[in-house]
$ cat structure.tsv   # TSV, C-alpha atoms
chain	number	residue	atom	x	y	z
A	24	MET	CA	9.95	8.91	-14.13
A	25	ILE	CA	8.67	5.96	-16.18
A	26	HIS	CA	10.40	2.73	-15.18
A	27	ILE	CA	11.40	0.38	-18.00
A	28	LYS	CA	10.97	-3.27	-17.05
A	29	THR	CA	13.21	-6.12	-18.14
A	30	LYS	CA	11.74	-9.21	-19.78
A	31	LYS	CA	12.30	-11.13	-16.54
A	32	GLN	CA	10.45	-8.49	-14.53
A	33	ILE	CA	7.58	-8.51	-17.01
A	34	GLU	CA	7.27	-12.28	-16.63
A	35	THR	CA	7.06	-11.87	-12.85
A	36	MET	CA	4.37	-9.25	-13.37
A	37	ARG	CA	2.53	-11.71	-15.60
A	38	LYS	CA	2.44	-14.17	-12.67
A	39	ALA	CA	1.07	-11.47	-10.35
A	40	ASN	CA	-1.55	-10.52	-12.91
A	41	ARG	CA	-2.61	-14.10	-13.64
A	42	ILE	CA	-3.46	-14.48	-9.97
A	43	VAL	CA	-5.64	-11.39	-10.33
A	44	ALA	CA	-7.25	-12.78	-13.48
A	45	ARG	CA	-8.02	-16.15	-11.90
A	46	THR	CA	-9.44	-14.47	-8.81
A	47	LEU	CA	-11.69	-12.22	-10.89
A	48	GLU	CA	-12.95	-15.27	-12.76
A	49	ILE	CA	-13.76	-17.02	-9.48
A	50	LEU	CA	-15.60	-13.90	-8.30
A	51	ARG	CA	-17.58	-13.85	-11.55
A	52	GLU	CA	-18.58	-17.47	-10.96
A	53	ASN	CA	-19.69	-16.71	-7.40
A	54	ILE	CA	-21.53	-13.44	-7.88
A	55	ARG	CA	-25.29	-13.93	-7.61
A	56	PRO	CA	-28.36	-12.34	-6.05
A	57	GLY	CA	-28.15	-12.62	-2.26
A	58	ILE	CA	-24.37	-12.60	-1.88
A	59	THR	CA	-22.85	-9.63	-0.06
A	60	THR	CA	-19.90	-7.60	-1.26
A	61	LEU	CA	-18.09	-8.59	1.95
A	62	GLU	CA	-18.44	-12.25	0.98
A	63	LEU	CA	-16.94	-11.44	-2.41
A	64	ASP	CA	-14.06	-9.70	-0.68
A	65	GLN	CA	-13.44	-12.75	1.51
A	66	ILE	CA	-13.39	-15.01	-1.54
A	67	ALA	CA	-10.91	-12.67	-3.24
A	68	GLU	CA	-8.52	-12.48	-0.29
A	69	ARG	CA	-8.60	-16.24	0.25
A	70	GLU	CA	-7.82	-16.94	-3.42
A	71	ILE	CA	-5.01	-14.37	-3.60
A	72	ARG	CA	-3.27	-15.68	-0.49
A	73	SER	CA	-3.70	-19.32	-1.53
A	74	ASN	CA	-1.60	-18.51	-4.59
A	75	GLY	CA	1.26	-17.07	-2.53
A	76	ALA	CA	0.39	-13.44	-3.25
A	77	VAL	CA	-0.67	-10.53	-1.05
A	78	PRO	CA	-3.72	-8.30	-1.66
A	79	ALA	CA	-2.36	-5.02	-2.99
A	80	PHE	CA	-5.39	-2.94	-2.01
A	81	LEU	CA	-5.67	-4.06	1.63
A	82	GLY	CA	-4.25	-1.28	3.78
A	83	TYR	CA	-3.30	0.90	0.78
A	84	ARG	CA	-3.69	4.46	2.08
A	85	GLY	CA	-5.94	2.94	4.73
A	86	TYR	CA	-8.26	1.07	2.35
A	87	PRO	CA	-9.94	-1.64	4.46
A	88	ALA	CA	-10.46	-4.47	1.97
A	89	SER	CA	-8.82	-6.62	-0.72
A	90	LEU	CA	-11.46	-5.91	-3.37
A	91	CYS	CA	-13.11	-2.80	-4.72
A	92	ALA	CA	-16.77	-3.66	-5.44
A	93	SER	CA	-18.64	-0.79	-7.07
A	94	ILE	CA	-22.35	-1.19	-7.85
A	95	ASN	CA	-24.51	0.64	-10.41
A	96	GLU	CA	-23.81	4.39	-10.06
A	97	GLU	CA	-20.60	3.66	-8.11
A	98	VAL	CA	-17.66	4.20	-10.45
A	99	VAL	CA	-14.68	2.85	-8.49
A	100	HIS	CA	-13.38	2.18	-4.96
A	101	GLY	CA	-16.62	0.78	-3.51
A	102	ILE	CA	-15.83	-0.69	-0.07
A	103	PRO	CA	-17.15	-4.24	0.48
A	104	GLY	CA	-19.60	-4.64	3.34
A	105	SER	CA	-23.11	-5.82	4.16
A	106	ARG	CA	-24.66	-4.66	0.87
A	107	VAL	CA	-26.51	-7.52	-0.82
A	108	ILE	CA	-26.19	-8.00	-4.58
A	109	LYS	CA	-29.55	-7.94	-6.38
A	110	THR	CA	-30.78	-9.09	-9.78
A	111	GLY	CA	-30.20	-6.31	-12.29
A	112	ASP	CA	-27.18	-4.85	-10.49
A	113	VAL	CA	-24.07	-3.89	-12.43
A	114	VAL	CA	-20.99	-4.71	-10.36
A	115	SER	CA	-17.44	-3.53	-11.09
A	116	MET	CA	-14.74	-5.62	-9.40
A	117	ASP	CA	-11.22	-4.17	-9.17
A	118	LEU	CA	-8.40	-6.22	-7.71
A	119	GLY	CA	-4.64	-6.04	-7.15
A	120	THR	CA	-1.88	-8.34	-5.92
A	121	PHE	CA	1.75	-8.23	-4.93
A	122	TYR	CA	3.76	-11.30	-5.96
A	123	GLU	CA	7.55	-11.65	-5.78
A	124	GLY	CA	7.94	-7.89	-5.47
A	125	PHE	CA	5.71	-6.84	-8.37
A	126	CYS	CA	2.11	-5.76	-8.68
A	127	GLY	CA	-0.83	-7.02	-10.73
A	128	ASP	CA	-3.99	-4.98	-11.31
A	129	SER	CA	-7.15	-5.65	-13.31
A	130	ALA	CA	-10.88	-4.98	-13.24
A	131	ARG	CA	-14.07	-6.10	-14.91
A	132	THR	CA	-17.76	-5.23	-14.76
A	133	VAL	CA	-20.51	-7.85	-14.74
A	134	ALA	CA	-24.29	-7.76	-14.83
A	135	VAL	CA	-26.21	-9.84	-12.32
A	136	GLY	CA	-29.08	-11.41	-14.26
A	137	GLU	CA	-30.91	-9.60	-17.03
A	138	VAL	CA	-30.24	-5.90	-17.63
A	139	PRO	CA	-31.60	-3.42	-20.22
A	140	GLU	CA	-29.95	-3.35	-23.64
A	141	ARG	CA	-28.41	0.07	-23.06
A	142	THR	CA	-26.82	-1.17	-19.83
A	143	GLN	CA	-25.31	-4.12	-21.66
A	144	GLN	CA	-24.06	-1.73	-24.32
A	145	LEU	CA	-22.37	0.41	-21.63
A	146	MET	CA	-20.37	-2.60	-20.48
A	147	THR	CA	-19.57	-3.73	-24.02
A	148	VAL	CA	-18.41	-0.29	-25.12
A	149	THR	CA	-16.24	0.11	-22.01
A	150	LYS	CA	-14.54	-3.23	-22.67
A	151	GLU	CA	-14.09	-2.31	-26.34
A	152	ALA	CA	-12.63	1.07	-25.32
A	153	LEU	CA	-10.05	-0.77	-23.23
A	154	GLU	CA	-9.17	-2.87	-26.27
A	155	HIS	CA	-8.80	0.26	-28.42
A	156	GLY	CA	-6.52	1.81	-25.80
A	157	ILE	CA	-4.38	-1.32	-25.63
A	158	GLU	CA	-4.09	-1.44	-29.41
A	159	ALA	CA	-2.52	2.06	-29.29
A	160	MET	CA	0.23	0.82	-26.93
A	161	ARG	CA	2.88	0.46	-29.60
A	162	VAL	CA	6.52	1.49	-29.68
A	163	GLY	CA	6.79	4.96	-31.23
A	164	ASN	CA	3.26	6.05	-30.46
A	165	ARG	CA	2.56	8.80	-27.95
A	166	LEU	CA	1.04	8.37	-24.49
A	167	TYR	CA	-2.15	10.25	-25.29
A	168	ASP	CA	-2.75	8.14	-28.37
A	169	ILE	CA	-3.97	5.60	-25.79
A	170	SER	CA	-6.21	8.18	-24.14
A	171	ALA	CA	-7.62	9.45	-27.42
A	172	ALA	CA	-8.42	5.95	-28.67
A	173	ILE	CA	-10.47	5.28	-25.51
A	174	GLN	CA	-12.27	8.61	-25.61
A	175	ARG	CA	-13.08	8.35	-29.31
A	176	HIS	CA	-14.80	4.97	-28.97
A	177	VAL	CA	-16.71	5.89	-25.82
A	178	GLU	CA	-18.06	9.18	-27.10
A	179	ALA	CA	-18.91	7.73	-30.53
A	180	ASN	CA	-21.33	5.47	-28.69
A	181	GLY	CA	-22.98	8.22	-26.67
A	182	PHE	CA	-21.28	7.61	-23.31
A	183	SER	CA	-18.80	9.71	-21.31
A	184	VAL	CA	-15.34	9.03	-19.87
A	185	VAL	CA	-14.58	9.87	-16.24
A	186	ARG	CA	-11.89	12.55	-16.08
A	187	GLN	CA	-10.97	12.74	-12.39
A	188	PHE	CA	-9.55	9.20	-12.24
A	189	VAL	CA	-6.97	7.72	-14.57
A	190	GLY	CA	-4.89	4.71	-15.55
A	191	HIS	CA	-1.27	4.52	-14.46
A	192	GLY	CA	2.11	2.93	-14.73
A	193	ILE	CA	2.57	-0.22	-12.67
A	194	GLY	CA	5.49	-2.32	-11.47
A	195	ARG	CA	7.06	-2.57	-8.04
A	196	GLU	CA	4.44	-0.05	-6.96
A	197	MET	CA	0.76	-0.20	-7.77
A	198	HIS	CA	0.73	3.38	-9.00
A	199	GLU	CA	3.78	4.53	-10.94
A	200	ASP	CA	4.33	7.22	-13.56
A	201	PRO	CA	2.77	8.10	-15.90
A	202	GLN	CA	-0.84	8.97	-15.25
A	203	ILE	CA	-2.95	7.87	-18.21
A	204	PRO	CA	-6.24	9.77	-18.64
A	205	ASN	CA	-9.06	8.18	-20.61
A	206	TYR	CA	-9.30	11.31	-22.76
A	207	GLY	CA	-6.67	13.34	-24.57
A	208	LYS	CA	-5.19	14.72	-27.76
A	209	PRO	CA	-3.61	12.16	-30.08
A	210	GLY	CA	0.01	12.65	-31.03
A	211	THR	CA	0.93	14.18	-27.67
A	212	GLY	CA	2.64	12.91	-24.53
A	213	VAL	CA	5.80	10.91	-24.02
A	214	ARG	CA	7.00	8.52	-26.72
A	215	LEU	CA	6.14	4.91	-25.90
A	216	LYS	CA	9.05	2.48	-25.48
A	217	ALA	CA	9.40	-1.27	-25.09
A	218	GLY	CA	9.45	-2.26	-21.42
A	219	MET	CA	6.86	0.26	-20.26
A	220	VAL	CA	4.00	-1.38	-18.35
A	221	PHE	CA	0.69	0.42	-17.87
A	222	ALA	CA	-2.61	-0.31	-16.17
A	223	ILE	CA	-5.19	0.91	-18.69
A	224	GLU	CA	-8.62	1.38	-17.12
A	225	PRO	CA	-11.47	3.21	-18.82
A	226	MET	CA	-14.23	4.27	-16.44
A	227	VAL	CA	-17.32	5.06	-18.49
A	228	ASN	CA	-20.62	6.65	-17.45
A	229	MET	CA	-24.01	6.31	-19.07
A	230	GLY	CA	-24.69	9.97	-18.32
A	231	GLY	CA	-22.29	12.84	-17.67
A	232	TRP	CA	-18.61	12.40	-16.83
A	233	GLU	CA	-18.75	14.26	-13.51
A	234	VAL	CA	-18.27	12.24	-10.30
A	235	LYS	CA	-18.00	12.81	-6.56
A	236	VAL	CA	-16.48	10.96	-3.59
A	237	LEU	CA	-18.84	9.87	-0.82
A	238	ASP	CA	-18.35	10.54	2.88
A	239	ASP	CA	-16.44	7.27	3.35
A	240	ASP	CA	-13.60	9.05	1.47
A	241	TRP	CA	-13.33	6.15	-1.01
A	242	THR	CA	-16.48	5.36	-2.97
A	243	VAL	CA	-16.72	7.36	-6.21
A	244	VAL	CA	-20.20	7.80	-7.71
A	245	THR	CA	-21.57	9.50	-10.81
A	246	LEU	CA	-22.81	12.99	-10.02
A	247	ASP	CA	-26.05	12.46	-11.96
A	248	GLY	CA	-26.73	8.97	-10.58
A	249	SER	CA	-26.26	7.26	-13.94
A	250	LEU	CA	-24.73	3.80	-14.27
A	251	SER	CA	-20.99	3.34	-14.67
A	252	ALA	CA	-18.71	0.54	-15.95
A	253	HIS	CA	-14.98	-0.14	-15.47
A	254	PHE	CA	-12.58	-2.50	-17.19
A	255	GLU	CA	-8.81	-2.70	-16.65
A	256	HIS	CA	-5.79	-4.67	-17.86
A	257	SER	CA	-2.10	-4.44	-17.01
A	258	VAL	CA	-0.23	-4.32	-20.32
A	259	ALA	CA	3.44	-4.35	-21.31
A	260	ILE	CA	4.71	-2.60	-24.43
A	261	THR	CA	7.01	-4.82	-26.50
A	262	SER	CA	8.68	-4.55	-29.87
A	263	ASP	CA	6.02	-6.96	-31.15
A	264	GLY	CA	3.11	-4.93	-29.82
A	265	PRO	CA	1.08	-4.78	-26.60
A	266	ASP	CA	1.27	-7.80	-24.28
A	267	ILE	CA	-1.72	-8.14	-21.93
A	268	LEU	CA	-0.37	-9.51	-18.66
A	269	SER	CA	-3.70	-9.83	-16.81
A	270	LEU	CA	-5.21	-12.60	-18.93
A	271	PRO	CA	-6.01	-16.01	-17.40
A	272	ASP	CA	-3.65	-18.90	-18.07

$ encode --input "structure.tsv" --output "structure tokens"
Amino acid sequence: MIHIKTKKQIETMRKANRIVARTLEILRENIRPGITTLELDQIAEREIRSNGAVPAFLGYRGYPASLCASINEEVVHGIPGSRVIKTGDVVSMDLGTFYEGFCGDSARTVAVGEVPERTQQLMTVTKEALEHGIEAMRVGNRLYDISAAIQRHVEANGFSVVRQFVGHGIGREMHEDPQIPNYGKPGTGVRLKAGMVFAIEPMVNMGGWEVKVLDDDWTVVTLDGSLSAHFEHSVAITSDGPDILSLPD
């Protein structure tokens, strides 16, 4: 069942998501060659708690950290640890909070230093695909209009969308109905209504779309070892169009 949020609930979700957005910005400012992913995780948890929120990922189904830090061929769910960030790495940072009973969730991918043009294009196209998906979040559209908009932009630029992992509804729980694939047939799926709130998150690979989960039971990597990028926003559908909740102040 898709939960419809009131305007008051959406405003609370905006607060939760702004904490996420500010924390991601602080992480972007701190990421550099020589820092470990564990240090990034510690920065994230400290910032989240200092704003009166709780890390949503920590302890979720046994996940051991507040941040997902996925590097290069890692798609999502990379566990922070002793790994040292290097020049040329592509790092995806995914973060969630609980604040006043509601969840915030957002992600971004950054390059550390100079990267090849095609790598930069991968990140740009993934971010643009997110924007195309958000633009399709309008009252009266269908759910898979979002999916199709993402897939169309990604594949037009010669990249592939991950199919095993999806976006999702969000609210009092981090993962609510519906599941939102990053590929699909336009004009199909449930009709979109004001008050629906979704976490839209294209995961895009430079090579093939196939992925696998490593032995830690969390880290997802591309099957062919190609680079991957991930961007995510939590977005409310309103009568005036999509409202991105996970923007900074």

$ closest_residue --input "structure.tsv" --among "A:Thr147, A:Thr242, A:Asn164, A:Thr29" --to "Pro103 (chain A)" --atoms "all atoms listed in the file"
A:Thr242

$ atom_distance --input "structure.tsv" --atom1 "CA of Trp241 (chain A)" --atom2 "CA of Gly212 (chain A)"
29.2 Å

$ closest_residue --input "structure.tsv" --among "A:Leu153, A:Val177, A:Ala39, A:Ala252" --to "Arg72 (chain A)" --atoms "only C-alpha atoms"
A:Ala39

$ residues_near_point --input "structure.tsv" --point "(-14.9, -16.0, -5.7)" --cutoff "12 Å" --atoms "all atoms listed in the file" --output "PyMOL selection string"
chain A and resi 43-55+58-71+90+116+118

$ atom_distance --input "structure.tsv" --atom1 "CA of Asp117 (chain A)" --atom2 "CA of Asp263 (chain A)"
28.1 Å

$ decode --input "structure.tsv" --residues "region 188-212 of chain A" --atoms "C-alpha atoms" --output "CSV table (one decimal), in the first residue's frame"
chain,number,residue,atom,x,y,z
A,188,PHE,CA,18.1,-2.7,-7.0
A,189,VAL,CA,15.4,0.0,-7.1
A,190,GLY,CA,14.0,3.2,-5.7
A,191,HIS,CA,11.2,3.1,-3.2
A,192,GLY,CA,8.5,4.8,-1.3
A,193,ILE,CA,9.7,6.5,1.9
A,194,GLY,CA,8.0,8.0,5.0
A,195,ARG,CA,7.8,6.5,8.5
A,196,GLU,CA,9.9,3.6,7.2
A,197,MET,CA,12.9,3.9,5.0
A,198,HIS,CA,11.6,1.5,2.5
A,199,GLU,CA,7.8,1.7,1.8
A,200,ASP,CA,5.7,0.7,-1.2
A,201,PRO,CA,6.1,1.1,-4.1
A,202,GLN,CA,9.3,-0.3,-5.6
A,203,ILE,CA,10.5,2.0,-8.3
A,204,PRO,CA,12.8,0.4,-10.9
A,205,ASN,CA,15.1,2.5,-13.0
A,206,TYR,CA,13.7,0.9,-16.2
A,207,GLY,CA,10.2,0.3,-17.3
A,208,LYS,CA,7.4,0.8,-19.8
A,209,PRO,CA,5.9,4.3,-19.9
A,210,GLY,CA,2.2,4.6,-19.3
A,211,THR,CA,2.1,1.7,-16.9
A,212,GLY,CA,2.0,1.3,-13.1
